[in-house]
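Novice: Contents of query05.txt (compact mmCIF, C-alpha atoms) are below:
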# COMPACT_ATOMS: atom_id res chain seq x y z
CA MET A 1 16.21 8.64 -2.63
CA THR A 2 16.01 6.15 0.21
CA ALA A 3 14.51 8.83 2.38
CA SER A 4 11.79 9.64 -0.11
CA LEU A 5 10.99 5.96 -0.51
CA LEU A 6 10.73 5.64 3.23
CA LEU A 7 8.52 8.69 3.34
CA ALA A 8 6.29 7.27 0.65
CA ALA A 9 6.06 4.00 2.55
CA THR A 10 5.14 5.88 5.70
CA LEU A 11 2.46 7.81 3.85
CA VAL A 12 0.98 4.67 2.44
CA ALA A 13 1.10 2.90 5.77
CA ALA A 14 -0.44 5.81 7.62
CA GLY A 15 -2.98 6.84 5.06
CA LEU A 16 -4.31 3.61 3.66
CA GLN A 17 -3.62 1.00 6.28
CA PRO A 18 -3.49 2.87 9.54
CA THR A 19 -4.10 -0.23 11.61
CA VAL A 20 -1.22 -2.18 10.15
CA PRO A 21 2.00 -1.64 12.07
CA PRO A 22 4.99 -0.69 9.95
CA PRO A 23 7.34 -3.47 8.90
CA ALA A 24 9.87 -4.22 11.57
CA GLU A 25 12.74 -3.82 9.14
CA THR A 26 12.05 -0.11 8.72
CA ALA A 27 14.34 0.91 11.53
CA PRO A 28 17.47 -1.00 10.42
CA VAL A 29 17.07 0.24 6.85
CA GLN A 30 16.74 3.77 8.08
CA ALA A 31 19.76 3.48 10.34
CA GLY A 32 21.84 2.06 7.56
CA ALA A 33 20.95 4.74 5.05
CA ALA A 34 22.67 7.61 6.74
CA ALA A 35 23.64 8.89 10.13
CA PRO A 36 20.27 9.52 11.75
CA ALA A 37 19.67 13.05 12.82
CA ALA A 38 17.22 13.53 15.65
CA LEU A 39 14.50 16.02 14.89
CA VAL A 40 12.40 17.29 17.70
CA LEU A 41 8.84 18.27 17.12
CA PRO A 42 8.30 20.77 19.92
CA LYS A 43 5.53 20.46 22.45
CA GLY A 44 2.58 22.57 21.41
CA THR A 45 2.89 21.98 17.69
CA MET A 46 -0.49 22.26 16.05
CA ILE A 47 -1.96 19.27 14.24
CA ARG A 48 -5.01 19.88 12.06
CA LEU A 49 -7.45 16.99 12.45
CA MET A 50 -10.69 16.10 10.72
CA VAL A 51 -13.53 14.15 12.28
CA LEU A 52 -14.28 11.14 10.07
CA ASN A 53 -17.61 9.96 11.45
CA GLU A 54 -20.18 11.97 13.32
CA VAL A 55 -20.05 11.74 17.09
CA ASN A 56 -23.18 12.90 18.86
CA SER A 57 -24.68 13.05 22.30
CA ARG A 58 -27.57 10.75 21.38
CA ASP A 59 -25.70 7.74 20.04
CA HIS A 60 -22.46 7.94 21.91
CA LYS A 61 -21.62 7.65 25.56
CA ALA A 62 -18.67 8.59 27.67
CA GLY A 63 -15.69 6.46 26.77
CA HIS A 64 -16.61 6.15 23.11
CA ARG A 65 -13.49 6.43 21.00
CA PHE A 66 -13.62 7.98 17.58
CA VAL A 67 -11.23 8.31 14.70
CA LEU A 68 -9.85 11.49 13.21
CA ARG A 69 -7.56 12.04 10.29
CA VAL A 70 -4.55 14.33 10.08
CA ASP A 71 -5.60 16.95 7.54
CA GLU A 72 -2.31 18.77 7.00
CA ASP A 73 1.29 17.61 6.92
CA VAL A 74 3.23 18.45 10.03
CA ALA A 75 6.66 19.40 8.77
CA ASP A 76 9.88 20.72 10.18
CA ASN A 77 12.40 22.33 7.87
CA GLY A 78 10.57 20.88 4.90
CA ARG A 79 10.64 17.35 6.31
CA THR A 80 7.26 15.77 6.82
CA LEU A 81 7.09 14.25 10.28
CA ILE A 82 3.39 13.51 10.47
CA PRO A 83 1.82 12.99 7.05
CA THR A 84 -1.66 13.95 5.98
CA GLY A 85 -3.89 10.92 6.34
CA ALA A 86 -2.38 9.64 9.57
CA LYS A 87 -4.95 8.37 12.01
CA ALA A 88 -5.75 10.00 15.31
CA TRP A 89 -8.04 9.12 18.18
CA GLY A 90 -10.40 11.05 20.37
CA GLU A 91 -12.64 10.03 23.23
CA VAL A 92 -16.03 11.17 24.45
CA VAL A 93 -15.67 12.40 28.02
CA SER A 94 -19.34 13.03 28.68
CA ALA A 95 -22.52 13.10 26.62
CA GLU A 96 -25.97 14.36 27.53
CA GLY A 97 -28.79 13.88 25.07
CA THR A 98 -31.54 16.33 24.34
CA GLY A 99 -34.04 14.96 26.82
CA SER A 100 -36.93 17.39 26.99
CA VAL A 101 -37.65 20.00 24.36
CA GLY A 102 -35.50 23.07 24.64
CA LYS A 103 -32.89 21.38 26.72
CA SER A 104 -29.44 21.48 25.29
CA GLY A 105 -27.49 18.46 24.33
CA ARG A 106 -23.95 18.54 25.50
CA LEU A 107 -20.92 16.69 24.30
CA ASN A 108 -17.46 16.80 25.73
CA ALA A 109 -14.65 15.09 23.97
CA ARG A 110 -10.93 15.13 24.13
CA LEU A 111 -8.16 14.22 21.78
CA LEU A 112 -5.96 11.30 22.70
CA TRP A 113 -3.13 10.66 20.28
CA VAL A 114 -1.99 10.47 16.70
CA ASP A 115 -1.14 6.95 15.62
CA LEU A 116 1.99 7.00 13.53
CA GLY A 117 2.49 3.41 12.45
CA GLY A 118 1.92 2.13 15.96
CA ARG A 119 3.71 4.96 17.69
CA ARG A 120 1.39 7.08 19.80
CA ILE A 121 1.99 10.80 19.78
CA PRO A 122 -0.13 12.31 22.56
CA VAL A 123 -2.15 15.34 21.57
CA THR A 124 -4.34 17.67 23.54
CA GLY A 125 -7.29 19.58 22.20
CA GLU A 126 -8.87 22.77 23.36
CA ARG A 127 -12.15 24.27 22.38
CA SER A 128 -14.43 26.94 23.64
CA SER A 129 -17.65 25.74 25.13
CA SER A 130 -20.43 28.00 24.01
CA GLY A 131 -24.14 28.09 24.40
CA SER A 132 -26.44 30.55 22.79
CA GLY A 133 -29.34 32.18 24.58
CA GLY A 134 -32.55 33.32 22.92
CA THR A 135 -31.10 36.53 21.56
CA GLY A 136 -27.79 35.11 20.56
CA THR A 137 -26.00 36.16 23.67
CA VAL A 138 -22.86 34.15 23.81
CA VAL A 139 -21.31 32.82 26.92
CA ALA A 140 -17.92 31.39 26.42
CA GLY A 141 -15.13 30.02 28.44
CA VAL A 142 -12.11 27.92 27.82
CA VAL A 143 -12.67 24.36 28.81
CA GLY A 144 -9.63 22.85 30.40
CA LEU A 145 -6.77 21.40 28.47
CA GLY A 146 -7.69 18.42 26.44
CA VAL A 147 -11.42 18.89 26.59
CA LEU A 148 -13.50 19.98 23.68
CA GLY A 149 -16.82 21.28 24.77
CA LEU A 150 -19.84 21.69 22.62
CA LEU A 151 -23.23 22.90 23.63
CA MET A 152 -26.09 22.95 21.24
CA LYS A 153 -29.50 24.33 22.08
CA GLY A 154 -32.52 22.16 21.39
CA ASN A 155 -30.51 19.59 19.61
CA ASN A 156 -28.14 16.78 20.10
CA ALA A 157 -24.63 18.02 20.38
CA SER A 158 -22.41 16.57 17.73
CA LEU A 159 -19.05 16.62 16.13
CA LYS A 160 -19.94 16.35 12.48
CA ALA A 161 -18.02 14.33 9.94
CA GLY A 162 -15.59 16.65 8.22
CA GLU A 163 -15.37 19.03 11.14
CA ILE A 164 -11.90 20.38 11.80
CA LEU A 165 -10.32 20.25 15.24
CA ASN A 166 -6.86 21.37 16.13
CA GLY A 167 -4.75 19.27 18.43
CA TYR A 168 -1.46 20.24 19.99
CA THR A 169 1.36 17.84 20.79
CA ALA A 170 1.50 17.20 24.52
CA ALA A 171 5.26 16.75 24.74
CA ASP A 172 8.42 17.16 22.71
CA GLU A 173 8.59 14.29 20.24
CA ALA A 174 11.91 13.15 18.84
CA PHE A 175 12.00 11.79 15.31
CA GLU A 176 14.93 9.75 14.10
CA THR A 177 15.21 10.57 10.45
CA ALA A 178 17.85 10.04 7.84
CA ALA A 179 19.82 13.12 6.88
CA PRO A 180 18.47 14.89 3.80
CA GLN A 181 19.88 13.62 0.57
CA MET B 182 35.70 39.42 26.22
CA SER B 183 33.59 36.64 24.83
CA LEU B 184 31.50 36.73 27.98
CA LEU B 185 30.90 40.41 27.49
CA LEU B 186 29.98 39.83 23.88
CA ALA B 187 27.57 37.11 24.87
CA ALA B 188 26.01 39.37 27.46
CA LEU B 189 25.65 42.13 24.90
CA LEU B 190 24.06 39.76 22.41
CA ALA B 191 21.70 38.45 25.04
CA ALA B 192 20.68 41.97 25.92
CA ALA B 193 20.22 42.92 22.28
CA ALA B 194 18.13 39.99 21.13
CA PRO B 195 15.59 38.24 23.37
CA ALA B 196 16.07 34.47 23.47
CA GLY B 197 12.42 33.78 23.02
CA ILE B 198 8.86 34.92 23.12
CA PRO B 199 7.14 33.89 26.34
CA ALA B 200 3.73 32.27 26.39
CA GLY B 201 0.98 34.80 26.85
CA THR B 202 2.65 37.60 24.91
CA PRO B 203 -0.20 39.53 23.24
CA VAL B 204 -0.18 39.50 19.45
CA PRO B 205 -2.59 42.03 17.93
CA LEU B 206 -4.00 40.83 14.62
CA THR B 207 -6.30 42.05 11.91
CA THR B 208 -8.36 40.19 9.34
CA GLY B 209 -7.16 40.37 5.78
CA GLU B 210 -10.28 39.31 3.96
CA ALA B 211 -14.02 39.70 4.34
CA LEU B 212 -15.83 36.89 6.10
CA ASP B 213 -19.44 36.04 5.47
CA SER B 214 -21.26 33.68 7.80
CA ARG B 215 -23.36 32.45 4.86
CA THR B 216 -20.45 31.25 2.76
CA ALA B 217 -17.90 30.40 5.43
CA ARG B 218 -17.14 26.80 6.28
CA GLN B 219 -16.11 25.28 9.58
CA GLY B 220 -12.36 24.69 9.55
CA GLN B 221 -11.76 27.29 6.86
CA ARG B 222 -8.44 29.07 7.12
CA VAL B 223 -8.49 32.85 7.13
CA ALA B 224 -5.64 35.21 6.28
CA LEU B 225 -4.69 37.52 9.13
CA SER B 226 -1.77 39.82 9.66
CA VAL B 227 -0.02 41.26 12.67
CA ARG B 228 -1.51 44.67 13.40
CA SER B 229 1.39 46.27 15.20
CA ASP B 230 4.95 45.43 16.19
CA VAL B 231 5.35 42.99 19.06
CA ALA B 232 8.32 43.91 21.24
CA ILE B 233 10.11 42.09 24.05
CA ASP B 234 12.27 44.32 26.24
CA GLY B 235 12.07 47.06 23.67
CA MET B 236 13.22 44.82 20.82
CA THR B 237 10.80 44.06 18.04
CA VAL B 238 10.38 40.30 17.65
CA ILE B 239 7.35 40.27 15.33
CA ARG B 240 6.92 43.04 12.82
CA ALA B 241 3.60 44.61 11.93
CA GLY B 242 2.33 43.13 8.68
CA THR B 243 3.73 39.64 9.31
CA PRO B 244 1.23 37.15 7.88
CA ALA B 245 -0.80 35.04 10.26
CA VAL B 246 -3.51 32.44 9.89
CA GLY B 247 -6.78 32.04 11.71
CA GLU B 248 -9.49 29.46 11.42
CA ILE B 249 -13.25 29.38 11.57
CA GLU B 250 -13.52 27.17 14.58
CA GLU B 251 -17.25 27.16 14.91
CA LEU B 252 -20.07 28.05 12.61
CA SER B 253 -23.73 27.68 13.34
CA GLY B 254 -27.06 28.88 12.10
CA LYS B 255 -25.94 30.46 8.89
CA GLY B 256 -29.02 32.65 9.11
CA MET B 257 -31.38 29.89 8.08
CA PHE B 258 -34.96 29.93 9.38
CA GLY B 259 -34.37 33.43 10.63
CA LYS B 260 -31.95 32.10 13.17
CA ALA B 261 -28.92 34.15 13.96
CA GLY B 262 -25.70 32.91 12.50
CA ARG B 263 -22.69 32.61 14.67
CA LEU B 264 -19.13 32.43 13.57
CA THR B 265 -16.10 31.96 15.77
CA LEU B 266 -12.77 32.99 14.36
CA THR B 267 -9.73 31.89 16.30
CA PRO B 268 -6.14 32.87 15.61
CA LEU B 269 -3.91 29.86 14.88
CA PHE B 270 -0.37 30.97 14.15
CA VAL B 271 1.94 33.68 12.85
CA THR B 272 4.15 32.63 9.94
CA LEU B 273 7.54 34.06 10.87
CA PRO B 274 10.12 34.97 8.24
CA GLY B 275 11.74 31.66 7.32
CA GLY B 276 8.48 29.80 7.62
CA ARG B 277 8.39 28.85 11.31
CA ARG B 278 5.01 28.90 12.92
CA LEU B 279 4.41 30.76 16.13
CA PHE B 280 1.27 29.17 17.54
CA LEU B 281 -1.38 31.41 19.03
CA SER B 282 -4.48 31.11 21.07
CA GLY B 283 -7.32 33.53 21.55
CA ARG B 284 -6.99 36.19 24.18
CA GLU B 285 -9.57 36.02 26.88
CA SER B 286 -9.19 39.47 28.34
CA GLN B 287 -10.30 41.16 25.15
CA ARG B 288 -13.99 40.93 25.53
CA GLY B 289 -16.50 43.39 24.28
CA THR B 290 -19.12 44.02 21.71
CA ARG B 291 -18.95 46.22 18.71
CA GLN B 292 -21.09 47.00 15.74
CA VAL B 293 -20.00 45.94 12.33
CA ALA B 294 -20.34 48.67 9.78
CA GLY B 295 -23.33 48.46 7.51
CA ALA B 296 -25.31 45.87 9.38
CA ALA B 297 -27.35 47.10 12.26
CA VAL B 298 -28.45 43.64 13.32
CA THR B 299 -24.96 42.32 13.38
CA THR B 300 -22.86 42.32 16.47
CA VAL B 301 -19.40 41.02 16.83
CA LEU B 302 -18.14 39.85 20.14
CA LEU B 303 -14.42 39.82 20.41
CA SER B 304 -13.18 37.56 23.09
CA GLY B 305 -10.23 35.48 23.91
CA LEU B 306 -11.84 32.64 22.12
CA GLY B 307 -12.32 34.44 18.89
CA MET B 308 -15.10 36.36 17.37
CA PHE B 309 -18.78 35.71 17.58
CA ILE B 310 -21.14 37.16 15.10
CA THR B 311 -24.85 37.16 15.31
CA GLY B 312 -27.19 38.41 12.69
CA LYS B 313 -28.92 37.15 9.62
CA SER B 314 -26.01 37.80 7.35
CA ALA B 315 -22.96 38.49 9.36
CA VAL B 316 -20.12 39.98 7.39
CA VAL B 317 -16.80 40.76 8.96
CA PRO B 318 -15.00 43.35 6.86
CA PRO B 319 -11.25 43.18 6.20
CA GLY B 320 -9.29 45.03 8.83
CA THR B 321 -11.35 43.81 11.78
CA PRO B 322 -9.09 43.56 14.82
CA ILE B 323 -8.71 40.28 16.67
CA GLU B 324 -6.47 39.61 19.62
CA GLY B 325 -4.19 36.62 19.95
CA GLU B 326 -1.52 35.56 22.35
CA VAL B 327 1.48 33.28 22.16
CA ARG B 328 0.37 29.76 23.08
CA SER B 329 3.60 28.39 24.48
CA ASP B 330 7.15 29.61 25.04
CA PHE B 331 8.86 30.06 21.71
CA ALA B 332 12.63 29.96 21.25
CA LEU B 333 13.96 32.46 18.74
CA GLU B 334 16.78 31.34 16.52
CA PRO B 335 19.86 33.49 17.04
CA ALA B 336 20.00 36.25 14.48
CA ALA B 337 22.47 35.84 11.65
CA PRO B 338 25.66 37.87 12.22
Please lay out the structure from this file as structure tokens.
Specialist:
Amino acid sequence: MTASLLLAATLVAAGLQPTVPPPAETAPVQAGAAAPAALVLPKGTMIRLMVLNEVNSRDHKAGHRFVLRVDEDVADNGRTLIPTGAKAWGEVVSAEGTGSVGKSGRLNARLLWVDLGGRRIPVTGERSSSGSGGTGTVVAGVVGLGVLGLLMKGNNASLKAGEILNGYTAADEAFETAAPQ
Amino acid sequence: MSLLLAALLAAAAPAGIPAGTPVPLTTGEALDSRTARQGQRVALSVRSDVAIDGMTVIRAGTPAVGEIEELSGKGMFGKAGRLTLTPLFVTLPGGRRLFLSGRESQRGTRQVAGAAVTTVLLSGLGMFITGKSAVVPPGTPIEGEVRSDFALEPAAP
């Protein structure tokens, strides 16, 4: 009961008021409820993220930070550790606009972290960088860890609102959670 | 005695699945570049048994999930559509997810049945389709590999 209330509170805090840190009394309440059992979310766990506002190579420069939203609960043994709606951050690494006609815009961005009530859970993203030639020949290569690469011919490169990116946790993350009721 | 038993158990069941282990997959549903959406999840299944040291750790037929990572063109204005399908994870019995990435060494082109203009490029990064109306039939092979070392839970006695 207490656990589900806590979970609900976390969901509300993460989903509706992501910028508001959780109440300080959360931890003592949690500790008092039951013997806390440490749950470890292993490194490399996938987190499905959605871009909330378009990021493109025309309007945004390197260093621009953008918000994403967790689009699927991250659960372990039926326990939700990162709820849908939690906020995440990404950053533009480099951006080249269209310039002359026919030149490709290019946008490189990386994922930074998921914000879980003030706690930062580092995530890395990985995406193929692909450009299409005149006949649709595809050249592809993995861009290094943490870099999402996009190449769009004759257009500004963009990450559109609603686009799905997958991040992966960068390290093992321990969660102190009350034992299941 | 217990040491011997432990050694026997260790020999019988691998402790984990190392990163990079190839996982052959196949698509379970038809994909159409005109109706697909970016971020859409796609049902896959494991094409053949995956074995470590002769012991099967993932059985053929185990469900897996892929995602349409990239989608462009959609055949509008006569432009070729392109669709990238990337394997995400295998759902192991018990519900644990074994995360996958695309397999880079599997690169090549092949024709998709029934559409002469359509080519599918299978690569480590997924599948690229060009053509006005690219349709990937069910049963199309796609290659994945284990993304990071995965610890197997000890088998029940």
Novice: Grab the CA of Leu206 (chain B) to CA of Ala241 (chain B) distance for me, in Å with one decimal place.
Specialist: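 Value for the CA of Leu206 (chain B)-CA of Ala241 (chain B) distance: 8.9 Å.
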Novice: Taking 6 positions as the minimum chain separation for residues in the same chain, which residues sit within 12 Å of Arg278 (chain B) when counting all atoms listed in the file? Answer as a list in words.
Specialist: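 After dropping sequence-adjacent residues, the list is Pro42, Gly44, Thr45, Met46, Ile47, Val74, Ala75, Asp76 and Asn77 of chain A; Ile239, Thr243, Pro244, Ala245, Val246, Leu269, Phe270, Val271, Thr272, Val327, Arg328, Ser329, Phe331, Ala332 and Leu333 of chain B.
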Novice: With C-alpha atoms retained, could you export that selection as a PDB file, in the frame of the given file?
Specialist:
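File part_30.pdb, as written:
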ATOM      1  CA  PRO A  42       8.300  20.770  19.920  1.00  0.00           C
ATOM      2  CA  GLY A  44       2.580  22.570  21.410  1.00  0.00           C
ATOM      3  CA  THR A  45       2.890  21.980  17.690  1.00  0.00           C
ATOM      4  CA  MET A  46      -0.490  22.260  16.050  1.00  0.00           C
ATOM      5  CA  ILE A  47      -1.960  19.270  14.240  1.00  0.00           C
ATOM      6  CA  VAL A  74       3.230  18.450  10.030  1.00  0.00           C
ATOM      7  CA  ALA A  75       6.660  19.400   8.770  1.00  0.00           C
ATOM      8  CA  ASP A  76       9.880  20.720  10.180  1.00  0.00           C
ATOM      9  CA  ASN A  77      12.400  22.330   7.870  1.00  0.00           C
TER      10      ASN A  77
ATOM     11  CA  ILE B 239       7.350  40.270  15.330  1.00  0.00           C
ATOM     12  CA  THR B 243       3.730  39.640   9.310  1.00  0.00           C
ATOM     13  CA  PRO B 244       1.230  37.150   7.880  1.00  0.00           C
ATOM     14  CA  ALA B 245      -0.800  35.040  10.260  1.00  0.00           C
ATOM     15  CA  VAL B 246      -3.510  32.440   9.890  1.00  0.00           C
ATOM     16  CA  LEU B 269      -3.910  29.860  14.880  1.00  0.00           C
ATOM     17  CA  PHE B 270      -0.370  30.970  14.150  1.00  0.00           C
ATOM     18  CA  VAL B 271       1.940  33.680  12.850  1.00  0.00           C
ATOM     19  CA  THR B 272       4.150  32.630   9.940  1.00  0.00           C
ATOM     20  CA  VAL B 327       1.480  33.280  22.160  1.00  0.00           C
ATOM     21  CA  ARG B 328       0.370  29.760  23.080  1.00  0.00           C
ATOM     22  CA  SER B 329       3.600  28.390  24.480  1.00  0.00           C
ATOM     23  CA  PHE B 331       8.860  30.060  21.710  1.00  0.00           C
ATOM     24  CA  ALA B 332      12.630  29.960  21.250  1.00  0.00           C
ATOM     25  CA  LEU B 333      13.960  32.460  18.740  1.00  0.00           C
TER      26      LEU B 333
END
Novice: Measure the distance from CA of Leu81 (chain A) to CA of Arg222 (chain B) in Å and round it to one decimal.
Specialist: 21.7 Å
Novice: Go through A:Lys61, A:Met50, A:Ala38, A:Glu91 one by one, measure the shortest atom-to-atom distance of each to chain B using all atoms listed in the file, and give the residue with the smallest value.
Specialist: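 Comparing A:Lys61, A:Met50, A:Ala38, A:Glu91 against chain B, the winner is A:Met50.
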Novice: Name the closest residue to Thr207 (chain B) among the candidates B:Glu324, B:Glu250, B:Leu279, B:Thr265; distances are taken between atoms, counting only C-alpha atoms.
Specialist: B:Glu324
Novice: Measuring atom to atom with only C-alpha atoms, identify which of B:Leu281, B:Ala196, B:Glu251, B:Gly242 is nearest to Val227 (chain B).
Specialist: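 Under the stated criterion, the closest residue is B:Gly242.
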Novice: Using all atoms listed in the file, pick whichever of A:Glu163, A:Asp59, A:Glu54, A:Asp73 has the shortest atom-to-atom distance to chain B.
Specialist: A:Glu163
Novice: For chain B, which residue out of A:Asn108, A:Thr84, A:Ser158, A:Asn166 is the nearest one, using only C-alpha atoms?
Specialist: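 When distances to chain B are compared using only C-alpha atoms, the smallest one comes from A:Asn166.
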Novice: Could you work out how far CA of Val317 (chain B) lies from CA of Val223 (chain B), giving the answer in Å with one decimal?
Specialist: 11.6 Å
Novice: Between B:Gly320, B:Pro274, B:Gly283, B:Gly325, which is the closest to Val238 (chain B) once you count only C-alpha atoms?
Specialist: B:Pro274
